[in-house]
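Colleague: The file below is model.pdb, PDB, C-alpha atoms:
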ATOM      1  CA  MET A   1      -6.335  -7.183  15.292
ATOM      2  CA  GLN A   2      -7.743  -7.425  11.778
ATOM      3  CA  MET A   3      -5.694  -5.424   9.285
ATOM      4  CA  LYS A   4      -7.671  -3.373   6.789
ATOM      5  CA  LEU A   5      -6.796  -2.212   3.314
ATOM      6  CA  VAL A   6      -9.592  -0.472   1.410
ATOM      7  CA  VAL A   7      -8.713   1.263  -1.867
ATOM      8  CA  ASN A   8     -11.268   3.646  -3.389
ATOM      9  CA  GLY A   9     -14.067   1.838  -1.546
ATOM     10  CA  VAL A  10     -13.025  -1.731  -2.522
ATOM     11  CA  ASP A  11     -11.866  -3.966   0.346
ATOM     12  CA  HIS A  12      -8.514  -5.604  -0.487
ATOM     13  CA  SER A  13      -8.148  -7.159   2.992
ATOM     14  CA  LEU A  14      -9.717 -10.463   1.961
ATOM     15  CA  TRP A  15      -6.919 -11.203  -0.499
ATOM     16  CA  LEU A  16      -3.890 -10.045   1.505
ATOM     17  CA  ALA A  17      -1.292 -12.725   2.130
ATOM     18  CA  GLU A  18      -0.187 -13.587   5.654
ATOM     19  CA  ASN A  19       2.018 -10.660   6.749
ATOM     20  CA  GLY A  20       1.012  -9.118   3.431
ATOM     21  CA  LEU A  21       0.569  -5.516   4.567
ATOM     22  CA  VAL A  22       3.867  -3.907   5.497
ATOM     23  CA  ARG A  23       3.830  -0.300   6.676
ATOM     24  CA  SER A  24       7.031   1.685   6.856
ATOM     25  CA  PRO A  25       7.809   5.345   7.505
ATOM     26  CA  LEU A  26       8.779   7.485   4.550
ATOM     27  CA  VAL A  27      10.791  10.595   5.452
ATOM     28  CA  ARG A  28      10.479  13.665   3.249
ATOM     29  CA  GLN A  29      12.228  17.028   3.429
ATOM     30  CA  SER A  30      14.688  16.094   6.144
ATOM     31  CA  ARG A  31      16.674  19.152   7.257
ATOM     32  CA  SER A  32      19.229  19.919   9.920
ATOM     33  CA  ILE A  33      20.354  23.372  11.088
ATOM     34  CA  ILE A  34      23.088  24.197  13.596
ATOM     35  CA  THR A  35      22.744  27.581  15.306
ATOM     36  CA  LEU A  36      25.666  29.820  16.269
ATOM     37  CA  GLY A  37      25.286  28.556  19.839
ATOM     38  CA  GLY A  38      25.971  24.981  18.670
ATOM     39  CA  THR A  39      22.386  23.708  19.051
ATOM     40  CA  GLU A  40      21.256  21.394  16.278
ATOM     41  CA  TRP A  41      17.630  21.588  15.114
ATOM     42  CA  ARG A  42      16.171  18.855  12.911
ATOM     43  CA  THR A  43      12.935  18.735  11.013
ATOM     44  CA  GLU A  44      11.361  16.148   8.759
ATOM     45  CA  ILE A  45       7.994  15.238   7.372
ATOM     46  CA  ARG A  46       6.986  11.618   8.029
ATOM     47  CA  LYS A  47       4.641   9.931   5.562
ATOM     48  CA  HIS A  48       3.284   6.384   5.287
ATOM     49  CA  GLN A  49       4.426   3.800   2.781
ATOM     50  CA  LEU A  50       2.542   0.527   2.341
ATOM     51  CA  GLN A  51       3.597  -2.635   0.555
ATOM     52  CA  ALA A  52       0.627  -4.942  -0.061
ATOM     53  CA  THR A  53       1.247  -8.552  -1.074
ATOM     54  CA  TYR A  54      -1.642 -10.755  -2.134
ATOM     55  CA  VAL A  55      -2.392 -14.479  -2.134
ATOM     56  CA  ARG A  56      -2.747 -16.415  -5.388
ATOM     57  CA  LEU A  57      -5.466 -14.602  -7.354
ATOM     58  CA  ARG A  58      -7.818 -15.623 -10.110
ATOM     59  CA  ASP A  59      -7.920 -13.380 -13.201
ATOM     60  CA  SER A  60     -11.370 -11.955 -12.379
ATOM     61  CA  THR A  61     -10.300 -11.067  -8.827
ATOM     62  CA  LEU A  62      -7.119  -9.387 -10.040
ATOM     63  CA  ALA A  63      -9.180  -7.398 -12.554
ATOM     64  CA  LYS A  64     -11.512  -6.228  -9.748
ATOM     65  CA  LEU A  65      -8.594  -5.101  -7.578
ATOM     66  CA  THR A  66      -6.849  -3.412 -10.506
ATOM     67  CA  THR A  67     -10.057  -1.565 -11.416
ATOM     68  CA  SER A  68     -10.232  -0.138  -7.894
ATOM     69  CA  LEU A  69      -6.655   1.092  -8.263
ATOM     70  CA  THR A  70      -7.071   2.654 -11.685
ATOM     71  CA  ALA A  71     -10.185   4.558 -10.596
ATOM     72  CA  ALA A  72      -7.911   7.350  -9.343
ATOM     73  CA  ASN A  73      -4.245   8.066  -8.819
ATOM     74  CA  PRO A  74      -3.771   9.266  -6.121
ATOM     75  CA  ALA A  75      -6.166   6.821  -4.488
ATOM     76  CA  THR A  76      -8.085   7.125  -1.225
ATOM     77  CA  VAL A  77      -6.719   4.369   0.999
ATOM     78  CA  LEU A  78      -8.054   3.200   4.377
ATOM     79  CA  PHE A  79      -5.562   1.092   6.323
ATOM     80  CA  THR A  80      -4.766  -0.010   9.863
ATOM     81  CA  ASP A  81      -1.631   1.370  11.526
ATOM     82  CA  ASP A  82       0.566  -0.379  14.108
ATOM     83  CA  ASP A  83      -1.620   0.821  16.998
ATOM     84  CA  GLY A  84      -4.839  -0.570  15.486
ATOM     85  CA  ASN A  85      -6.187   2.801  14.368
ATOM     86  CA  ASN A  86      -7.916   3.073  11.010
ATOM     87  CA  LEU A  87      -6.309   5.822   8.941
ATOM     88  CA  THR A  88      -7.578   7.292   5.676
ATOM     89  CA  ARG A  89      -4.914   8.830   3.458
ATOM     90  CA  THR A  90      -4.500   9.950  -0.129
ATOM     91  CA  MET A  91      -1.764   7.820  -1.651
ATOM     92  CA  TYR A  92      -0.009   7.350  -4.953
ATOM     93  CA  TRP A  93       0.324   3.734  -6.028
ATOM     94  CA  SER A  94       2.615   1.755  -8.294
ATOM     95  CA  GLY A  95       1.943  -1.719  -9.607
ATOM     96  CA  PRO A  96       0.410  -4.171  -9.475
ATOM     97  CA  THR A  97       3.200  -6.546 -10.370
ATOM     98  CA  ALA A  98       2.164 -10.141 -10.950
ATOM     99  CA  THR A  99       3.297 -13.408 -12.495
ATOM    100  CA  ALA A 100       0.852 -15.594 -14.433
ATOM    101  CA  GLN A 101       1.244 -18.988 -12.839
ATOM    102  CA  LYS A 102      -1.055 -21.363 -14.712
ATOM    103  CA  VAL A 103      -4.354 -21.755 -16.489
ATOM    104  CA  GLU A 104      -6.968 -24.085 -14.991
ATOM    105  CA  GLY A 105     -10.448 -24.529 -16.441
ATOM    106  CA  GLY A 106     -10.179 -21.410 -18.581
ATOM    107  CA  ASN A 107      -9.052 -19.199 -15.661
ATOM    108  CA  THR A 108      -5.567 -17.748 -15.266
ATOM    109  CA  TYR A 109      -4.133 -17.689 -11.754
ATOM    110  CA  TYR A 110      -1.550 -15.097 -10.669
ATOM    111  CA  THR A 111       1.067 -15.262  -7.920
ATOM    112  CA  GLY A 112       3.425 -12.661  -6.510
ATOM    113  CA  VAL A 113       0.869  -9.867  -6.858
ATOM    114  CA  SER A 114       2.000  -6.746  -5.010
ATOM    115  CA  VAL A 115       1.228  -3.021  -4.943
ATOM    116  CA  THR A 116       3.173  -0.171  -3.344
ATOM    117  CA  PHE A 117       1.423   2.888  -1.873
ATOM    118  CA  GLU A 118       3.107   6.168  -0.882
ATOM    119  CA  GLU A 119       1.314   8.921   0.991
ATOM    120  CA  ARG A 120       0.842  12.141  -0.901
TER     121      ARG A 120
END
Would you mind writing the structure in this file as structure tokens?
Modeller:
Amino acid sequence: MQMKLVVNGVDHSLWLAENGLVRSPLVRQSRSIITLGGTEWRTEIRKHQLQATYVRLRDSTLAKLTTSLTAANPATVLFTDDDGNNLTRTMYWSGPTATAQKVEGGNTYYTGVSVTFEER
């Protein structure tokens, strides 16, 4: 199954590292109520959280990906869930974090590039 990550219409999937898209549940407004009869009722709202890690990127590629992020916050994100379904969600993002590794031929290369997305 090919994982997808499209942010504001720009496909980030090409630059994801191996195992570079980690999806985890994010629980909001978790509540628990115990009735007089002793029955416990629980409720919570489950959201998606994504951690995207990228391969070594050239400065122009990182600028392209960053431009797609800064187009809007929250961003429209298309991603693949664990069952292979393509989901489109509105997500807030933080990052990207990156480390400038070295300069070759007038181009700067970055490693450790990652972005975190949280569903709105």
Colleague: Which residues of region 1-41 of chain A come within 10 Å of region 85-108 of chain A, and for each one, what is the closest pair of atoms and their distance in Å to one decimal, counting only C-alpha atoms, sorted by chain and residue number, as a Markdown table?
Modeller:
| residue | atom | partner | partner_atom | distance |
| --- | --- | --- | --- | --- |
| A:Met3 | CA | A:Asn86 | CA | 9.0 |
| A:Lys4 | CA | A:Asn86 | CA | 7.7 |
| A:Leu5 | CA | A:Asn86 | CA | 9.4 |
| A:Val6 | CA | A:Thr88 | CA | 9.1 |
| A:Val7 | CA | A:Met91 | CA | 9.6 |
| A:Asn8 | CA | A:Thr90 | CA | 9.8 |
Colleague: Convert the output of the PyMOL selection byres ((chain A and resi 21) around 6) on the shown file into explicit residues, formatted as a list in words.
Modeller: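 Matching residues under the PyMOL selection byres ((chain A and resi 21) around 6) are Asn19, Gly20, Val22, Gln51 and Ala52 of chain A.
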Colleague: Just the number, please: distance in Å from CA of Ala72 (chain A) to CA of Asp11 (chain A), one decimal.
Modeller: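 One can read the CA of Ala72 (chain A) to CA of Asp11 (chain A) distance as 15.4 Å.
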Colleague: So, counting all atoms listed in the file, which residue among A:Thr80, A:Leu57, A:Leu36, A:Leu62 is closest to Thr111 (chain A)?
Modeller: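 Once distances to Thr111 (chain A) are computed over all atoms listed in the file, the minimum belongs to A:Leu57.
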Colleague: Mind pulling up the distance from CA of Ser24 (chain A) to CA of Thr43 (chain A)?
Modeller: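 These atoms are spaced 18.5 Å apart.
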Colleague: Box for region 9-21 of chain A - axis-aligned, 4 Å on each of the six sides, all listed atoms - centre and size in Å to one decimal, as AutoDock Vina command-line options.
Modeller:
--center_x -6.0 --center_y -5.9 --center_z 2.1 --size_x 24.1 --size_y 23.4 --size_z 17.3
Colleague: Applied to this file, what does the PyMOL selection byres ((chain A and resi 10) around 12) return in terms of residues, put as an mmCIF file with C-alpha atoms, in the frame of the given file?
Modeller:
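Done, and the output landed in selection.cif:
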data_model
loop_
_atom_site.group_PDB
_atom_site.id
_atom_site.type_symbol
_atom_site.label_atom_id
_atom_site.label_comp_id
_atom_site.auth_asym_id
_atom_site.auth_seq_id
_atom_site.Cartn_x
_atom_site.Cartn_y
_atom_site.Cartn_z
ATOM 1 C CA LYS A 4 -7.671 -3.373 6.789
ATOM 2 C CA LEU A 5 -6.796 -2.212 3.314
ATOM 3 C CA VAL A 6 -9.592 -0.472 1.410
ATOM 4 C CA VAL A 7 -8.713 1.263 -1.867
ATOM 5 C CA ASN A 8 -11.268 3.646 -3.389
ATOM 6 C CA GLY A 9 -14.067 1.838 -1.546
ATOM 7 C CA ASP A 11 -11.866 -3.966 0.346
ATOM 8 C CA HIS A 12 -8.514 -5.604 -0.487
ATOM 9 C CA SER A 13 -8.148 -7.159 2.992
ATOM 10 C CA LEU A 14 -9.717 -10.463 1.961
ATOM 11 C CA TRP A 15 -6.919 -11.203 -0.499
ATOM 12 C CA THR A 61 -10.300 -11.067 -8.827
ATOM 13 C CA LYS A 64 -11.512 -6.228 -9.748
ATOM 14 C CA LEU A 65 -8.594 -5.101 -7.578
ATOM 15 C CA THR A 66 -6.849 -3.412 -10.506
ATOM 16 C CA THR A 67 -10.057 -1.565 -11.416
ATOM 17 C CA SER A 68 -10.232 -0.138 -7.894
ATOM 18 C CA LEU A 69 -6.655 1.092 -8.263
ATOM 19 C CA THR A 70 -7.071 2.654 -11.685
ATOM 20 C CA ALA A 71 -10.185 4.558 -10.596
ATOM 21 C CA ALA A 75 -6.166 6.821 -4.488
ATOM 22 C CA THR A 76 -8.085 7.125 -1.225
ATOM 23 C CA VAL A 77 -6.719 4.369 0.999
ATOM 24 C CA LEU A 78 -8.054 3.200 4.377
ATOM 25 C CA PHE A 79 -5.562 1.092 6.323
#
Colleague: Can you list what the PyMOL selection byres ((chain A and resi 26) around 12) grabs from this structure, as a PDB file with C-alpha atoms, keeping the file's coordinate frame?
Modeller:
ATOM      1  CA  ARG A  23       3.830  -0.300   6.676  1.00  0.00           C
ATOM      2  CA  SER A  24       7.031   1.685   6.856  1.00  0.00           C
ATOM      3  CA  PRO A  25       7.809   5.345   7.505  1.00  0.00           C
ATOM      4  CA  VAL A  27      10.791  10.595   5.452  1.00  0.00           C
ATOM      5  CA  ARG A  28      10.479  13.665   3.249  1.00  0.00           C
ATOM      6  CA  GLN A  29      12.228  17.028   3.429  1.00  0.00           C
ATOM      7  CA  SER A  30      14.688  16.094   6.144  1.00  0.00           C
ATOM      8  CA  GLU A  44      11.361  16.148   8.759  1.00  0.00           C
ATOM      9  CA  ILE A  45       7.994  15.238   7.372  1.00  0.00           C
ATOM     10  CA  ARG A  46       6.986  11.618   8.029  1.00  0.00           C
ATOM     11  CA  LYS A  47       4.641   9.931   5.562  1.00  0.00           C
ATOM     12  CA  HIS A  48       3.284   6.384   5.287  1.00  0.00           C
ATOM     13  CA  GLN A  49       4.426   3.800   2.781  1.00  0.00           C
ATOM     14  CA  LEU A  50       2.542   0.527   2.341  1.00  0.00           C
ATOM     15  CA  PHE A 117       1.423   2.888  -1.873  1.00  0.00           C
ATOM     16  CA  GLU A 118       3.107   6.168  -0.882  1.00  0.00           C
ATOM     17  CA  GLU A 119       1.314   8.921   0.991  1.00  0.00           C
ATOM     18  CA  ARG A 120       0.842  12.141  -0.901  1.00  0.00           C
TER      19      ARG A 120
END
Colleague: Take CA of Ala17 (chain A) and CA of Thr53 (chain A) and report the distance between them in Å, one decimal.
Modeller: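 About the pair CA of Ala17 (chain A) and CA of Thr53 (chain A): they are 5.8 Å apart.
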